[in-house]
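Content type mmCIF, C-alpha atoms, from the file target35.cif:
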data_input
loop_
_atom_site.label_atom_id
_atom_site.label_comp_id
_atom_site.auth_asym_id
_atom_site.auth_seq_id
_atom_site.Cartn_x
_atom_site.Cartn_y
_atom_site.Cartn_z
CA MET A 1 6.88 -14.08 -1.34
CA ILE A 2 4.79 -15.14 -4.32
CA GLU A 3 4.92 -18.77 -5.50
CA ILE A 4 2.92 -19.77 -8.56
CA ARG A 5 2.79 -23.41 -9.69
CA GLY A 6 1.05 -24.72 -12.81
CA LEU A 7 -1.44 -21.86 -12.92
CA VAL A 8 -4.10 -22.26 -15.60
CA LYS A 9 -6.96 -19.90 -16.34
CA SER A 10 -9.53 -20.59 -19.03
CA PHE A 11 -12.54 -18.59 -20.16
CA GLY A 12 -14.77 -21.27 -21.63
CA ARG A 13 -12.60 -23.19 -24.08
CA LYS A 14 -10.05 -20.41 -24.40
CA ALA A 15 -7.02 -20.88 -22.15
CA VAL A 16 -5.49 -17.52 -21.26
CA LEU A 17 -2.87 -18.80 -18.81
CA LYS A 18 -1.44 -22.18 -19.79
CA GLY A 19 0.57 -23.35 -16.80
CA ILE A 20 2.46 -20.48 -15.20
CA ASP A 21 5.39 -21.29 -12.89
CA LEU A 22 6.84 -18.19 -11.28
CA GLU A 23 8.44 -17.13 -8.01
CA VAL A 24 9.01 -13.70 -6.57
CA ALA A 25 11.24 -13.82 -3.50
CA ASP A 26 10.66 -11.70 -0.39
CA GLY A 27 11.54 -8.08 -1.08
CA GLN A 28 12.16 -8.75 -4.77
CA PHE A 29 10.83 -6.52 -7.58
CA LEU A 30 9.80 -8.64 -10.58
CA THR A 31 8.86 -6.95 -13.82
CA LEU A 32 6.58 -8.94 -16.10
CA VAL A 33 6.44 -7.82 -19.71
CA GLY A 34 4.44 -9.19 -22.60
CA PRO A 35 2.36 -8.17 -25.60
CA ASN A 36 -1.36 -7.39 -25.43
CA GLY A 37 -3.38 -10.51 -24.73
CA ALA A 38 -0.46 -12.36 -23.15
CA GLY A 39 -2.39 -12.81 -19.90
CA LYS A 40 -0.63 -10.24 -17.68
CA THR A 41 -3.80 -8.64 -16.32
CA THR A 42 -5.47 -12.03 -15.89
CA LEU A 43 -2.49 -13.17 -13.80
CA ILE A 44 -2.59 -10.02 -11.66
CA ARG A 45 -6.35 -10.37 -11.16
CA ILE A 46 -5.93 -13.95 -9.95
CA LEU A 47 -3.16 -12.94 -7.55
CA ALA A 48 -5.35 -10.08 -6.30
CA THR A 49 -8.19 -12.61 -5.61
CA LEU A 50 -10.44 -10.79 -8.09
CA SER A 51 -10.59 -13.83 -10.35
CA LYS A 52 -10.37 -17.56 -9.68
CA ALA A 53 -7.80 -19.82 -11.32
CA THR A 54 -9.01 -22.84 -13.26
CA SER A 55 -6.20 -24.96 -11.79
CA GLY A 56 -2.78 -24.64 -10.20
CA THR A 57 -1.62 -23.32 -6.85
CA VAL A 58 -0.62 -19.87 -5.67
CA LEU A 59 0.98 -19.15 -2.32
CA ILE A 60 1.45 -15.58 -1.12
CA ASP A 61 3.60 -15.25 2.01
CA GLY A 62 2.95 -18.99 2.46
CA LEU A 63 -0.84 -18.56 2.40
CA ASP A 64 -2.95 -20.46 -0.11
CA LEU A 65 -4.85 -18.15 -2.44
CA THR A 66 -7.93 -20.39 -2.56
CA ASP A 67 -8.37 -21.07 1.15
CA GLU A 68 -6.93 -17.96 2.79
CA SER A 69 -7.98 -15.19 0.46
CA ILE A 70 -9.07 -12.75 3.20
CA ASP A 71 -5.67 -13.01 4.95
CA ILE A 72 -3.95 -12.58 1.59
CA ARG A 73 -5.97 -9.45 0.78
CA ARG A 74 -4.85 -8.00 4.11
CA ARG A 75 -1.19 -8.36 3.02
CA MET A 76 -1.59 -7.15 -0.53
CA GLY A 77 -1.93 -3.85 -2.35
CA LEU A 78 -2.96 -3.36 -5.97
CA VAL A 79 -2.33 -0.48 -8.33
CA SER A 80 -3.94 -0.96 -11.73
CA HIS A 81 -4.69 1.37 -14.64
CA GLN A 82 -7.98 2.10 -12.90
CA THR A 83 -7.53 4.16 -9.75
CA LEU A 84 -10.17 2.38 -7.60
CA LEU A 85 -10.93 5.80 -6.09
CA TYR A 86 -14.22 7.60 -5.58
CA GLY A 87 -14.14 10.78 -7.64
CA ASP A 88 -16.68 12.65 -5.53
CA LEU A 89 -14.74 12.05 -2.32
CA THR A 90 -11.53 13.79 -1.25
CA PRO A 91 -8.21 11.93 -0.79
CA ASP A 92 -8.80 12.11 2.96
CA GLU A 93 -12.26 10.54 2.65
CA ASN A 94 -11.09 7.90 0.18
CA LEU A 95 -8.17 6.86 2.37
CA ARG A 96 -10.28 7.00 5.53
CA PHE A 97 -12.77 4.63 3.90
CA TYR A 98 -10.14 2.17 2.72
CA GLY A 99 -8.32 2.48 6.06
CA ARG A 100 -11.48 1.39 7.85
CA MET A 101 -11.94 -1.51 5.46
CA TYR A 102 -8.36 -2.67 6.25
CA ASP A 103 -8.48 -1.87 10.00
CA VAL A 104 -5.44 0.41 9.70
CA PRO A 105 -4.24 1.45 13.18
CA ASN A 106 -3.60 5.18 13.85
CA LEU A 107 -5.42 5.94 10.62
CA GLU A 108 -5.29 9.72 10.92
CA ASP A 109 -1.48 9.73 11.16
CA ARG A 110 -1.08 7.04 8.50
CA ILE A 111 -3.16 9.05 6.00
CA GLY A 112 -0.88 12.03 6.56
CA VAL A 113 2.22 9.87 6.04
CA VAL A 114 1.10 8.27 2.77
CA LEU A 115 -0.22 11.54 1.34
CA GLN A 116 3.14 13.14 2.09
CA GLN A 117 4.89 10.17 0.48
CA VAL A 118 2.98 10.65 -2.79
CA GLY A 119 3.19 14.46 -2.61
CA LEU A 120 -0.53 15.13 -2.24
CA GLU A 121 -0.71 16.45 1.32
CA GLY A 122 -1.72 19.88 -0.01
CA TRP A 123 -4.74 18.41 -1.81
CA ARG A 124 -6.06 16.38 1.10
CA HIS A 125 -9.52 17.96 1.07
CA ASP A 126 -10.06 18.51 -2.66
CA PRO A 127 -12.40 16.22 -4.63
CA VAL A 128 -10.46 13.52 -6.48
CA ARG A 129 -12.38 14.17 -9.72
CA THR A 130 -10.60 17.54 -10.00
CA PHE A 131 -7.17 15.83 -10.06
CA SER A 132 -5.08 15.17 -13.14
CA ARG A 133 -4.60 11.54 -14.19
CA GLY A 134 -1.07 11.58 -12.74
CA MET A 135 -2.27 12.89 -9.38
CA GLN A 136 -5.04 10.30 -9.27
CA GLN A 137 -2.55 7.53 -9.96
CA ARG A 138 -0.27 8.80 -7.18
CA LEU A 139 -3.26 8.75 -4.85
CA ALA A 140 -3.98 5.20 -6.04
CA ILE A 141 -0.50 4.27 -4.82
CA ALA A 142 -1.24 5.91 -1.46
CA ARG A 143 -4.40 3.80 -1.28
CA ALA A 144 -2.49 0.64 -2.16
CA ILE A 145 0.21 1.12 0.51
CA LEU A 146 -2.05 2.59 3.20
CA HIS A 147 -2.33 -0.72 5.07
CA ARG A 148 1.42 -1.47 4.76
CA PRO A 149 1.09 -4.48 2.44
CA SER A 150 4.02 -6.87 2.15
CA VAL A 151 3.11 -7.66 -1.47
CA LEU A 152 2.40 -5.00 -4.07
CA LEU A 153 0.84 -5.81 -7.46
CA LEU A 154 1.21 -3.16 -10.16
CA ASP A 155 -0.78 -3.72 -13.35
CA GLU A 156 0.48 -1.31 -16.02
CA PRO A 157 0.30 1.58 -13.55
CA ASP A 158 1.58 4.14 -16.07
CA THR A 159 -1.23 3.60 -18.61
CA GLY A 160 -2.59 6.94 -19.83
CA LEU A 161 0.12 9.06 -18.22
CA ASP A 162 2.25 11.56 -20.10
CA GLN A 163 6.05 11.21 -20.06
CA HIS A 164 6.58 13.52 -17.08
CA ALA A 165 3.82 11.99 -14.99
CA ALA A 166 5.04 8.48 -15.85
CA GLU A 167 8.57 9.36 -14.70
CA MET A 168 7.24 10.77 -11.43
CA LEU A 169 5.14 7.67 -10.93
CA HIS A 170 8.04 5.31 -11.55
CA LYS A 171 10.28 7.20 -9.11
CA LEU A 172 7.52 6.88 -6.54
CA LEU A 173 7.02 3.17 -7.28
CA ALA A 174 10.77 2.56 -6.98
CA THR A 175 10.70 4.22 -3.52
CA VAL A 176 7.67 2.20 -2.48
CA GLY A 177 9.28 -1.00 -3.79
CA ALA A 178 12.52 -0.26 -1.97
CA GLU A 179 10.72 -0.42 1.38
CA GLY A 180 11.23 -4.20 1.46
CA ARG A 181 8.00 -5.12 -0.30
CA THR A 182 7.63 -7.96 -2.73
CA VAL A 183 6.56 -6.31 -5.99
CA LEU A 184 5.16 -7.78 -9.19
CA MET A 185 4.71 -5.19 -11.93
CA THR A 186 3.38 -5.68 -15.44
CA THR A 187 4.31 -3.17 -18.12
CA HIS A 188 4.75 -2.65 -21.86
CA ASN A 189 7.76 -0.43 -21.34
CA LEU A 190 10.81 -2.71 -21.64
CA GLU A 191 13.45 -0.14 -20.64
CA ARG A 192 11.53 1.12 -17.64
CA GLY A 193 10.61 -2.41 -16.60
CA LEU A 194 14.24 -3.51 -16.73
CA SER A 195 15.51 -0.47 -14.84
CA MET A 196 12.97 -0.89 -12.04
CA GLY A 197 12.99 -4.65 -11.54
CA ASP A 198 15.46 -6.95 -9.76
CA ARG A 199 14.27 -9.67 -12.13
CA VAL A 200 12.36 -9.66 -15.39
CA ALA A 201 10.05 -12.22 -16.97
CA VAL A 202 8.41 -12.35 -20.38
CA LEU A 203 4.84 -13.65 -20.61
CA VAL A 204 3.77 -14.67 -24.10
CA GLY A 205 0.64 -16.60 -25.07
CA GLY A 206 -0.16 -17.50 -21.48
CA ARG A 207 3.28 -18.97 -20.72
CA ILE A 208 6.45 -17.63 -19.14
CA ALA A 209 8.75 -17.57 -22.15
CA TYR A 210 11.79 -16.17 -20.38
CA GLN A 211 12.97 -15.02 -16.96
CA ALA A 212 16.31 -13.77 -15.69
CA ASP A 213 17.99 -11.58 -13.09
CA LYS A 214 18.48 -8.00 -14.13
CA SER A 215 22.25 -8.39 -13.68
CA ALA A 216 22.31 -10.87 -16.58
CA LEU A 217 20.83 -8.36 -19.04
CA ASP A 218 21.31 -4.95 -20.55
CA ALA A 219 18.58 -3.00 -22.33
CA ASP A 220 19.56 -4.18 -25.84
CA SER A 221 19.83 -7.84 -24.98
CA PHE A 222 16.53 -7.71 -23.08
CA ARG A 223 14.81 -6.14 -26.08
CA GLU A 224 16.24 -8.85 -28.31
CA VAL A 225 15.11 -11.60 -25.93
CA TYR A 226 11.66 -10.04 -25.74
CA TYR A 227 11.09 -9.81 -29.49
CA ARG A 228 12.51 -13.30 -30.01
CA SER A 229 10.08 -14.65 -27.39
CA VAL A 230 7.13 -12.86 -28.99
CA ARG A 231 8.06 -13.99 -32.52
CA GLY A 232 8.60 -17.54 -31.28
CA SER A 233 5.03 -17.73 -30.05
CA ILE A 234 3.48 -16.63 -33.36
CA MET B 1 -17.80 -6.97 10.16
CA LEU B 2 -20.37 -4.45 11.40
CA TYR B 3 -17.69 -1.76 11.46
CA LYS B 4 -16.93 -2.40 7.79
CA ILE B 5 -20.60 -2.49 6.81
CA LEU B 6 -20.98 0.91 8.47
CA ALA B 7 -17.84 2.18 6.70
CA ILE B 8 -19.46 1.35 3.34
CA VAL B 9 -22.74 3.01 4.38
CA HIS B 10 -20.88 6.09 5.62
CA LYS B 11 -18.93 6.33 2.36
CA ASP B 12 -22.15 6.05 0.30
CA ILE B 13 -23.87 8.73 2.38
CA ILE B 14 -20.92 11.16 2.07
CA ALA B 15 -20.78 10.62 -1.70
CA GLU B 16 -24.55 11.12 -2.00
CA LEU B 17 -24.58 14.24 0.18
CA ARG B 18 -21.93 15.69 -2.09
CA THR B 19 -23.66 14.97 -5.41
CA LYS B 20 -27.33 14.39 -4.45
CA GLU B 21 -27.59 12.58 -7.81
CA MET B 22 -29.41 9.53 -6.52
CA PHE B 23 -31.64 11.27 -4.02
CA SER B 24 -32.81 14.07 -6.31
CA SER B 25 -33.68 11.71 -9.18
CA MET B 26 -35.52 9.32 -6.84
CA PHE B 27 -37.45 12.11 -5.14
CA VAL B 28 -38.44 13.94 -8.33
CA PHE B 29 -39.51 10.69 -9.99
CA ALA B 30 -41.62 9.56 -7.02
CA LEU B 31 -43.22 13.00 -6.82
CA LEU B 32 -44.05 12.97 -10.53
CA VAL B 33 -45.60 9.51 -10.31
CA ILE B 34 -47.88 10.57 -7.45
CA VAL B 35 -48.89 13.86 -9.05
CA ILE B 36 -49.56 12.32 -12.47
CA PHE B 37 -51.59 9.45 -11.02
CA ASN B 38 -53.50 11.92 -8.87
CA PHE B 39 -54.60 13.94 -11.87
CA ALA B 40 -55.22 10.88 -14.04
CA PHE B 41 -57.41 9.04 -11.52
CA GLU B 42 -59.31 12.11 -10.40
CA LEU B 43 -60.72 12.28 -13.90
CA ARG B 44 -61.59 8.59 -14.34
CA VAL B 45 -61.84 6.65 -11.06
CA ALA B 46 -64.87 7.13 -8.85
CA ASN B 47 -63.07 6.42 -5.59
CA VAL B 48 -59.46 7.59 -5.64
CA LYS B 49 -58.76 5.78 -2.36
CA GLN B 50 -59.19 2.43 -4.11
CA VAL B 51 -56.14 3.07 -6.24
CA ALA B 52 -54.11 5.03 -3.67
CA PRO B 53 -52.23 1.99 -2.24
CA GLY B 54 -51.15 0.94 -5.74
CA VAL B 55 -50.05 4.47 -6.62
CA LEU B 56 -48.03 4.71 -3.41
CA TRP B 57 -46.15 1.46 -4.07
CA VAL B 58 -45.62 2.21 -7.75
CA ALA B 59 -44.00 5.50 -6.70
CA PHE B 60 -41.83 3.78 -4.07
CA THR B 61 -40.67 0.94 -6.32
CA PHE B 62 -40.00 3.01 -9.44
CA ALA B 63 -38.07 5.59 -7.43
CA GLY B 64 -36.23 2.78 -5.64
CA MET B 65 -35.31 1.29 -8.99
CA LEU B 66 -33.58 4.52 -9.99
CA GLY B 67 -31.57 4.48 -6.78
CA LEU B 68 -30.63 0.83 -7.11
CA ASN B 69 -29.49 1.39 -10.69
CA ARG B 70 -27.11 4.15 -9.57
CA SER B 71 -25.88 2.22 -6.56
CA PHE B 72 -23.49 -0.18 -8.34
CA ILE B 73 -22.89 1.98 -11.40
CA LEU B 74 -21.08 4.42 -9.08
CA GLU B 75 -19.02 1.50 -7.73
CA LYS B 76 -18.16 0.32 -11.23
CA ASP B 77 -16.81 3.77 -12.12
CA LYS B 78 -12.98 3.87 -11.82
CA GLY B 79 -13.00 0.23 -10.69
CA CYS B 80 -14.22 1.07 -7.18
CA LEU B 81 -16.10 -2.23 -6.99
CA GLU B 82 -12.74 -3.98 -7.36
CA GLY B 83 -11.39 -1.75 -4.62
CA LEU B 84 -14.18 -3.04 -2.38
CA LEU B 85 -13.55 -6.65 -3.40
CA LEU B 86 -9.85 -6.25 -2.54
CA ALA B 87 -10.69 -5.38 1.06
CA PRO B 88 -10.05 -8.17 3.59
CA VAL B 89 -13.70 -8.70 4.44
CA ASP B 90 -16.30 -11.32 3.70
CA ARG B 91 -18.14 -10.38 0.50
CA SER B 92 -21.39 -10.39 2.46
CA ALA B 93 -20.19 -7.27 4.32
CA ILE B 94 -20.15 -5.48 0.96
CA TYR B 95 -23.68 -6.72 0.23
CA PHE B 96 -25.05 -5.57 3.59
CA GLY B 97 -23.21 -2.24 3.35
CA LYS B 98 -24.65 -1.47 -0.07
CA MET B 99 -28.09 -2.82 0.89
CA LEU B 100 -28.21 -0.68 4.02
CA GLY B 101 -27.18 2.40 2.01
CA ASN B 102 -29.93 1.74 -0.54
CA LEU B 103 -32.43 1.18 2.27
CA ILE B 104 -31.53 4.52 3.87
CA PHE B 105 -31.84 6.45 0.58
CA MET B 106 -35.19 4.81 -0.22
CA SER B 107 -36.47 5.46 3.30
CA VAL B 108 -35.54 9.15 3.16
CA VAL B 109 -37.36 9.55 -0.16
CA GLU B 110 -40.39 7.67 1.19
CA ALA B 111 -40.44 9.84 4.34
CA ILE B 112 -40.68 12.95 2.17
CA VAL B 113 -43.06 11.53 -0.43
CA LEU B 114 -45.53 10.06 2.09
CA PRO B 115 -46.85 13.43 3.41
CA ILE B 116 -47.24 14.69 -0.17
CA PHE B 117 -49.17 11.51 -1.01
CA TRP B 118 -51.37 12.16 2.01
CA ILE B 119 -52.14 15.69 0.91
CA LEU B 120 -52.97 14.71 -2.68
CA PHE B 121 -54.92 11.48 -2.05
CA ASN B 122 -56.26 12.29 1.42
CA PRO B 123 -56.57 8.69 2.71
CA PRO B 124 -58.69 8.24 5.85
CA LEU B 125 -56.10 7.34 8.47
CA PHE B 126 -52.43 7.13 9.28
CA SER B 127 -51.36 4.22 11.50
CA PRO B 128 -48.08 2.84 12.85
CA ALA B 129 -49.03 -0.45 11.14
CA LEU B 130 -48.73 1.30 7.81
CA ILE B 131 -45.21 2.41 8.68
CA LEU B 132 -44.39 -1.22 9.55
CA VAL B 133 -45.67 -2.39 6.16
CA ILE B 134 -43.68 0.30 4.34
CA VAL B 135 -40.53 -0.67 6.26
CA LEU B 136 -40.99 -4.39 5.52
CA GLY B 137 -41.72 -3.72 1.85
CA THR B 138 -38.73 -1.42 1.51
CA VAL B 139 -36.36 -3.87 3.24
CA GLY B 140 -37.43 -6.65 0.87
CA PHE B 141 -37.17 -4.43 -2.20
CA ALA B 142 -33.75 -3.02 -1.22
CA GLY B 143 -32.52 -6.49 -0.22
CA VAL B 144 -33.29 -8.27 -3.46
CA GLY B 145 -32.69 -5.09 -5.51
CA THR B 146 -29.12 -4.73 -4.25
CA LEU B 147 -28.33 -8.27 -5.38
CA PHE B 148 -29.87 -7.74 -8.82
CA SER B 149 -28.20 -4.36 -9.14
CA ALA B 150 -24.84 -6.12 -8.65
CA ILE B 151 -25.82 -8.64 -11.35
CA ALA B 152 -27.09 -6.00 -13.79
CA VAL B 153 -24.02 -3.77 -13.49
CA HIS B 154 -21.93 -6.41 -15.26
CA THR B 155 -24.27 -6.52 -18.25
CA ARG B 156 -24.10 -4.29 -21.31
CA ALA B 157 -27.65 -2.88 -21.09
CA ARG B 158 -27.40 -2.55 -17.32
CA GLU B 159 -29.95 0.23 -16.80
CA VAL B 160 -32.62 -1.70 -18.71
CA MET B 161 -31.58 -5.04 -17.26
CA LEU B 162 -32.28 -4.23 -13.59
CA PRO B 163 -36.05 -3.62 -13.94
CA ILE B 164 -36.37 -6.62 -16.26
CA LEU B 165 -34.67 -8.86 -13.70
CA LEU B 166 -36.09 -7.33 -10.55
CA PHE B 167 -39.79 -6.62 -11.15
CA PRO B 168 -40.87 -10.25 -11.77
CA ILE B 169 -39.14 -11.27 -8.55
CA VAL B 170 -40.74 -8.58 -6.39
CA VAL B 171 -44.31 -9.19 -7.64
CA PRO B 172 -45.30 -11.18 -4.48
CA LEU B 173 -43.80 -8.45 -2.30
CA MET B 174 -45.72 -5.74 -4.13
CA ILE B 175 -49.03 -7.64 -4.03
CA ALA B 176 -48.69 -8.21 -0.28
CA ALA B 177 -47.64 -4.60 0.39
CA VAL B 178 -50.51 -3.16 -1.70
CA LYS B 179 -53.10 -5.51 -0.16
CA ILE B 180 -52.07 -4.65 3.42
CA THR B 181 -51.83 -0.92 2.66
CA GLY B 182 -55.30 -1.01 1.08
CA GLY B 183 -56.71 -2.91 4.05
CA LEU B 184 -55.20 -0.48 6.54
CA LEU B 185 -56.59 2.48 4.63
CA ASP B 186 -60.02 0.80 4.76
CA GLY B 187 -59.72 0.61 8.53
CA GLN B 188 -59.03 -3.12 8.85
CA PRO B 189 -56.72 -4.20 11.70
CA LEU B 190 -53.38 -5.74 10.74
CA SER B 191 -54.34 -9.02 12.44
CA GLU B 192 -57.00 -9.58 9.76
CA MET B 193 -54.36 -9.51 7.07
CA ARG B 194 -51.98 -11.97 8.72
CA ASN B 195 -51.50 -14.05 5.55
CA TRP B 196 -50.32 -11.07 3.56
CA LEU B 197 -48.11 -9.93 6.43
CA ASN B 198 -46.60 -13.43 6.65
CA LEU B 199 -45.88 -13.31 2.93
CA LEU B 200 -44.16 -9.93 3.35
CA VAL B 201 -42.01 -11.12 6.25
CA GLY B 202 -41.30 -14.46 4.54
CA PHE B 203 -40.19 -12.69 1.37
CA ASP B 204 -37.80 -10.49 3.37
CA VAL B 205 -36.29 -13.39 5.29
CA ILE B 206 -35.93 -15.69 2.26
CA PHE B 207 -34.51 -13.12 -0.13
CA LEU B 208 -32.16 -11.51 2.38
CA THR B 209 -30.79 -14.97 3.15
CA VAL B 210 -30.49 -15.95 -0.52
CA SER B 211 -28.85 -12.62 -1.37
CA TYR B 212 -26.37 -12.99 1.51
CA MET B 213 -25.47 -16.51 0.35
CA THR B 214 -25.17 -15.75 -3.36
CA PHE B 215 -23.64 -12.26 -3.44
CA GLU B 216 -20.07 -13.62 -3.44
CA TYR B 217 -20.73 -15.56 -6.65
CA VAL B 218 -22.39 -12.55 -8.27
CA VAL B 219 -19.45 -10.20 -7.81
CA GLU B 220 -16.68 -12.68 -8.53
CA GLU B 221 -15.52 -13.45 -12.02
#

Could I get this file's structure written as structure tokens?
Amino acid sequence: MIEIRGLVKSFGRKAVLKGIDLEVADGQFLTLVGPNGAGKTTLIRILATLSKATSGTVLIDGLDLTDESIDIRRRMGLVSHQTLLYGDLTPDENLRFYGRMYDVPNLEDRIGVVLQQVGLEGWRHDPVRTFSRGMQQRLAIARAILHRPSVLLLDEPDTGLDQHAAEMLHKLLATVGAEGRTVLMTTHNLERGLSMGDRVAVLVGGRIAYQADKSALDADSFREVYYRSVRGSI
Amino acid sequence: MLYKILAIVHKDIIAELRTKEMFSSMFVFALLVIVIFNFAFELRVANVKQVAPGVLWVAFTFAGMLGLNRSFILEKDKGCLEGLLLAPVDRSAIYFGKMLGNLIFMSVVEAIVLPIFWILFNPPLFSPALILVIVLGTVGFAGVGTLFSAIAVHTRAREVMLPILLFPIVVPLMIAAVKITGGLLDGQPLSEMRNWLNLLVGFDVIFLTVSYMTFEYVVEE
């Protein structure tokens, strides 16, 4: 579970997040949409413990982000538009390295399982730099779920992918999300975001402008709400 | 924590064995420095042995600088540094892992360059004390260099920034290392150069401690 209360992040005098209140229940898939500069990546980076909040509180699975960051990192996986993979190493070597960093038990077997899950078991010993962008992003998902995280953060994971690769990736993410994980995904793609999430939220100008259950929306009404929220902030 | 430090070192060694980018550039650069100085001083300096300690440490530090520059640039590529920071370990484990990797690469280059230096400059003796001085100097250089490499990688002119930041800091280390190396080559016992040795050890202890304590703040936003 992710609980965010009054989260503020400023860079100098510029406030990027201006008091975020957001909850993602256990096992829920929340899609966060918003225009460029809304603060989506900043929010994900704070949740991933890569950046510190200026004020506010964040609890992940009941653990405080400020005081228990190492325990939180153990429970969390991140997929961003960067793969966080070493191009000169093979998938096996990359996953073995990250597995050691996360103390993954039965690492050999686990690497086989996650590579099969993302459809890369046949490329286990090829250098990652020879992979297409779509294959690298699938391997990034394998890296993110290797240690069986309960919380998965997805920061525009389909950036730079062609239509086919993006569809494959979203099918994979839906499978990964359906394994009972709490998922927070940011995206620019309204339709895809709505179809994947249990709930959707709109982040505009550093504030949550709208949030609702997916059942309360169809694609057209969500698009209308989104553009109204964006226009309202200008 | 040790297991994770070793995992980082192992990963760096595998990546380097595959590309040999860092090692080859460090080795070729160190070799060029020694050869060029050898020819230059043979023409102008009466006693080459007087400048040999300085040449040796210039070769070591300049080659080390190349390696340190590459060390965090490779981590920055594809966001791998963030991948490291996401791991559930104390940030100091990342520092010691990277520092140990840099130390190993520098030591390998030094182990190959040293015999070539011996052939070209023909210094009078080779003692275990000299190895001790080289180890202490390299530990200090890699220790503080790893920290500054992590700082420089976040700057725009990162490849220029590292030498600008690092060389003023390592001046005491270099002076001590060159003085002791020169003394040893002149046949003095190490005990006669205790002050310089204390400076070398003190530098290592102080800067390893400071780097360990400050690395977290360097890599975090």

Quiz item: Mind listing as number ranges by chain which residues of chain B are within 10 Å of chain A, counting all atoms listed in the file?
Solution: B: 1, 3-8, 10-12, 14-19, 74-91, 219-221

Next, dump the selected residues to file, keeping only C-alpha atoms, as a compact mmCIF listing (two decimals), keeping the file's coordinate frame.
# COMPACT_ATOMS: atom_id res chain seq x y z
CA MET B 1 -17.80 -6.97 10.16
CA TYR B 3 -17.69 -1.76 11.46
CA LYS B 4 -16.93 -2.40 7.79
CA ILE B 5 -20.60 -2.49 6.81
CA LEU B 6 -20.98 0.91 8.47
CA ALA B 7 -17.84 2.18 6.70
CA ILE B 8 -19.46 1.35 3.34
CA HIS B 10 -20.88 6.09 5.62
CA LYS B 11 -18.93 6.33 2.36
CA ASP B 12 -22.15 6.05 0.30
CA ILE B 14 -20.92 11.16 2.07
CA ALA B 15 -20.78 10.62 -1.70
CA GLU B 16 -24.55 11.12 -2.00
CA LEU B 17 -24.58 14.24 0.18
CA ARG B 18 -21.93 15.69 -2.09
CA THR B 19 -23.66 14.97 -5.41
CA LEU B 74 -21.08 4.42 -9.08
CA GLU B 75 -19.02 1.50 -7.73
CA LYS B 76 -18.16 0.32 -11.23
CA ASP B 77 -16.81 3.77 -12.12
CA LYS B 78 -12.98 3.87 -11.82
CA GLY B 79 -13.00 0.23 -10.69
CA CYS B 80 -14.22 1.07 -7.18
CA LEU B 81 -16.10 -2.23 -6.99
CA GLU B 82 -12.74 -3.98 -7.36
CA GLY B 83 -11.39 -1.75 -4.62
CA LEU B 84 -14.18 -3.04 -2.38
CA LEU B 85 -13.55 -6.65 -3.40
CA LEU B 86 -9.85 -6.25 -2.54
CA ALA B 87 -10.69 -5.38 1.06
CA PRO B 88 -10.05 -8.17 3.59
CA VAL B 89 -13.70 -8.70 4.44
CA ASP B 90 -16.30 -11.32 3.70
CA ARG B 91 -18.14 -10.38 0.50
CA VAL B 219 -19.45 -10.20 -7.81
CA GLU B 220 -16.68 -12.68 -8.53
CA GLU B 221 -15.52 -13.45 -12.02

Quiz item: Interatomic distance between CA of Gly97 (chain B) and CA of Ala176 (chain B)?
Solution: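 Between CA of Gly97 (chain B) and CA of Ala176 (chain B) the gap is 26.4 Å.
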
Practice problem: Using the chain letters and residue numbers of this document, give as a list in words the residues selected by the PyMOL selection byres ((chain B and resi 182) around 10). | Solution: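 In the shown coordinates, the PyMOL selection byres ((chain B and resi 182) around 10) covers Lys49, Gln50, Val51, Ala52, Pro53, Gly54, Pro123, Leu130, Ala176, Ala177, Val178, Lys179, Ile180, Thr181, Gly183, Leu184, Leu185, Asp186, Gly187 and Gln188 of chain B.
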
Practice problem: Would you list the residues near (10.8, -5.0, -9.4), meaning any protein, DNA or RNA residue with an atom at most 6 Å from that point in file coordinates, counting all atoms listed in the file, as a PyMOL selection string? | Solution: chain A and resi 29-31+183+196-198

Quiz prompt | Sel. within 12 Å of pt (-0.1, 6.9, -7.2), counting all atoms listed in the file, output as a PyMOL selection string | solution = chain A and resi 77-85+91+114-120+131-146+154+157-159+161+165-176

Quiz prompt | Atomic distance CA of Tyr226 (chain A) - CA of Asn189 (chain A), expressed in Å with one decimal | solution =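 Atom-to-atom, CA of Tyr226 (chain A) to CA of Asn189 (chain A), that is 11.3 Å.
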
Exercise. Measure the distance from CA of Val218 (chain B) to CA of Lys18 (chain A) in Å and round it to one decimal.
Key: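 Separation of CA of Val218 (chain B) and CA of Lys18 (chain A): 25.8 Å.
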
Quiz item: Which is closer to Val33 (chain B) than all the others in B:Ile116, B:Ser149, B:Val144, B:Phe72, using only C-alpha atoms?
Solution: B:Ile116

Quiz item: Ala15 (chain A): which residues within 12 Å, counting all atoms listed in the file, same-chain residues fewer than 4 positions away excluded, as a ChimeraX atom specification?
Solution: /A:7-11,19-20,37-39,42,53-55,205-207
